[in-house]
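**Student:** The file below is my_file-v6.txt, compact mmCIF, C-alpha atoms:
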```txt
# COMPACT_ATOMS: atom_id res chain seq x y z
CA MET F 815 122.99 147.61 64.24
CA ALA F 816 119.32 147.92 63.36
CA GLY F 817 118.64 144.51 64.91
CA LEU F 818 120.14 145.66 68.19
CA PHE F 819 117.91 148.72 68.36
CA SER F 820 114.80 146.80 67.34
CA GLY F 821 115.48 144.26 70.12
CA ILE F 822 115.89 147.05 72.64
CA ARG F 823 112.77 148.76 71.32
CA THR F 824 110.78 145.53 71.61
CA ARG F 825 111.96 144.89 75.18
CA LEU F 826 111.22 148.51 76.11
CA ARG F 827 107.73 148.28 74.60
CA ASP F 828 107.06 145.05 76.53
CA ALA F 829 108.35 146.59 79.77
CA VAL F 830 106.17 149.69 79.34
CA ARG F 831 103.11 147.58 78.53
CA SER F 832 103.76 145.37 81.55
CA ALA F 833 104.18 148.40 83.81
CA ALA F 834 100.96 149.97 82.48
CA PHE F 835 98.95 146.81 83.10
CA SER F 836 100.50 146.49 86.55
CA VAL F 837 99.53 150.05 87.45
CA ALA F 838 96.00 149.50 86.13
CA GLY F 839 95.74 146.28 88.14
CA ILE F 840 96.90 148.05 91.29
CA VAL F 841 94.42 150.90 90.78
CA PHE F 842 91.48 148.55 90.21
CA GLY F 843 92.58 146.33 93.09
CA LEU F 844 92.72 149.31 95.46
CA ALA F 845 89.29 150.47 94.28
CA GLY F 846 87.89 147.00 94.95
CA LEU F 847 89.55 146.95 98.36
CA ALA F 848 87.97 150.31 99.18
CA PHE F 849 84.51 149.03 98.24
CA LEU F 850 85.00 145.85 100.26
CA THR F 851 86.17 147.90 103.24
CA ALA F 852 83.08 150.11 102.99
CA ALA F 853 80.84 147.06 102.76
CA LEU F 854 82.49 145.46 105.78
CA TRP F 855 82.17 148.73 107.68
CA ILE F 856 78.43 148.95 106.94
CA LEU F 857 77.89 145.32 107.90
CA LEU F 858 79.78 145.56 111.18
CA ALA F 859 78.39 148.98 112.12
CA ASN F 860 74.82 147.73 111.63
CA HIS F 861 75.31 144.49 113.59
CA GLU F 862 77.64 145.78 116.30
CA SER F 863 79.00 149.27 116.89
CA PRO F 864 81.34 151.60 115.00
CA LEU F 865 84.08 150.84 117.55
CA VAL F 866 83.91 147.12 116.75
CA ALA F 867 83.93 147.93 113.03
CA PHE F 868 87.06 150.08 113.41
CA THR F 869 88.77 147.35 115.44
CA VAL F 870 87.95 144.49 113.08
CA ILE F 871 88.99 146.38 109.95
CA GLY F 872 92.15 147.68 111.62
CA VAL F 873 93.20 144.21 112.76
CA LEU F 874 92.43 142.80 109.31
CA TYR F 875 94.68 145.37 107.60
CA LEU F 876 97.39 144.89 110.23
CA VAL F 877 97.45 141.12 109.67
CA LEU F 878 97.48 141.58 105.89
CA GLY F 879 100.33 144.07 106.20
CA PHE F 880 102.43 141.70 108.29
CA CYS F 881 101.75 138.85 105.87
CA PHE F 882 102.90 140.91 102.90
CA LEU F 883 106.00 142.08 104.80
CA ALA F 884 106.85 138.48 105.61
CA LEU F 885 106.38 137.42 101.99
CA GLY F 886 108.54 140.31 100.79
CA ALA F 887 111.37 139.52 103.18
CA ARG F 888 111.46 135.83 102.28
CA GLN F 889 113.99 134.82 99.63
CA SER F 890 112.75 132.69 96.80
CA ASP F 891 113.89 129.07 96.56
CA THR F 892 115.62 129.65 93.21
CA HIS F 893 117.52 132.62 94.61
CA MET F 894 118.66 130.58 97.61
CA ARG F 895 119.69 127.63 95.41
CA HIS F 896 121.61 129.96 93.12
CA ASN F 897 123.50 131.45 96.07
CA GLN F 898 124.31 128.00 97.48
CA ALA F 899 125.50 126.67 94.12
CA GLY F 900 127.75 129.68 93.62
CA THR F 901 129.42 129.36 97.02
CA GLU F 902 129.97 125.60 97.02
CA GLY F 903 132.32 125.34 94.04
CA ALA F 904 134.39 128.48 94.42
CA GLU F 905 136.05 130.22 97.30
CA GLN F 906 134.61 133.65 98.08
CA PRO F 907 137.03 136.41 97.05
CA SER F 908 138.27 138.82 99.66
CA ARG F 909 136.36 142.08 99.87
CA GLU F 910 139.40 144.17 100.79
CA PRO F 911 140.56 146.29 97.83
CA LEU F 912 144.23 146.28 98.84
CA VAL F 913 144.24 142.49 99.05
CA GLN F 914 142.67 142.31 95.60
CA ILE F 915 145.32 144.68 94.20
CA ALA F 916 148.14 142.67 95.74
CA GLU F 917 146.64 139.45 94.42
CA GLY F 918 146.31 140.95 90.93
CA PHE F 919 149.90 142.12 91.06
CA ALA F 920 151.10 138.65 92.08
CA VAL F 921 149.11 136.98 89.30
CA GLY F 922 150.49 139.45 86.74
CA LEU F 923 154.03 138.98 88.00
CA GLN F 924 153.70 135.21 87.72
CA ALA F 925 152.25 135.51 84.20
CA GLY F 926 155.17 137.73 83.18
CA ARG F 927 157.69 135.27 84.57
CA SER F 928 156.09 132.34 82.78
CA ALA F 929 155.93 134.30 79.51
CA ARG F 930 159.61 135.26 79.77
CA GLY F 931 160.57 131.66 80.45
CA LYS F 932 158.88 130.44 77.25
CA ASN F 933 161.00 132.63 74.94
```
Do you think you could lay out the structure here as structure tokens?
**Tutor:**
Amino acid sequence: MAGLFSGIRTRLRDAVRSAAFSVAGIVFGLAGLAFLTAALWILLANHESPLVAFTVIGVLYLVLGFCFLALGARQSDTHMRHNQAGTEGAEQPSREPLVQIAEGFAVGLQAGRSARGKN
């Protein structure tokens, strides 16, 4: 029993450490993005006008946002292969609960009949 809890404790510790480093990475990444945005703003405002600076930075963030949305919506290749492998060999079960109950009843009835016949 102690081994079970130590394994859970180790996985929990690793998950917390991973989450902490992820949060720290996000915070530092956002700080760097803020500094880069300010630098781009200063550069564009000095060479052009503040309106051009607003437009360029807004379009840049809009394109980045769409790219991240597209990456987030895309399924990974391993996930797609796993889904295809699971559907090729077996027939998909019906999603209707009453059909599943009737099928379970029929399987149980058949098992009972075959068990009675063996005695």
**Student:** How many Å separate CA of Glu862 (chain F) from CA of Gly843 (chain F)?
**Tutor:**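 Between CA of Glu862 (chain F) and CA of Gly843 (chain F) the gap works out to 27.6 Å.
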**Student:** Rounded to one decimal, what separation in Å do you get between CA of Arg825 (chain F) and CA of Arg888 (chain F)?
**Tutor:**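 Here the two named atoms are 28.6 Å from each other.
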**Student:** From the list F:Ala867, F:Leu883, F:Val913, F:Ala929, which residue is nearest Ala853 (chain F) when using all atoms listed in the file?
**Tutor:**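 Of all the options, F:Ala867 lies closest to Ala853 (chain F).
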**Student:** Calculate how many Å separate CA of Leu876 (chain F) from CA of Ala838 (chain F), rounding to one decimal.
**Tutor:**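 The value is 24.6 Å.
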**Student:** Quick one: residues within 12 Å of Leu854 (chain F), only C-alpha atoms counted, chain neighbours fewer than 3 positions away excluded, as a short mmCIF file (atom, residue, chain, number, x, y, z; two decimals) with C-alpha atoms, in the coordinates of the input?
**Tutor:**
```cif
data_model
loop_
_atom_site.label_atom_id
_atom_site.label_comp_id
_atom_site.auth_asym_id
_atom_site.auth_seq_id
_atom_site.Cartn_x
_atom_site.Cartn_y
_atom_site.Cartn_z
CA LEU F 847 89.55 146.95 98.36
CA ALA F 848 87.97 150.31 99.18
CA PHE F 849 84.51 149.03 98.24
CA LEU F 850 85.00 145.85 100.26
CA THR F 851 86.17 147.90 103.24
CA LEU F 857 77.89 145.32 107.90
CA LEU F 858 79.78 145.56 111.18
CA ALA F 859 78.39 148.98 112.12
CA ASN F 860 74.82 147.73 111.63
CA HIS F 861 75.31 144.49 113.59
CA GLU F 862 77.64 145.78 116.30
CA PRO F 864 81.34 151.60 115.00
CA VAL F 866 83.91 147.12 116.75
CA ALA F 867 83.93 147.93 113.03
CA PHE F 868 87.06 150.08 113.41
CA THR F 869 88.77 147.35 115.44
CA VAL F 870 87.95 144.49 113.08
CA ILE F 871 88.99 146.38 109.95
CA GLY F 872 92.15 147.68 111.62
CA LEU F 874 92.43 142.80 109.31
#
```
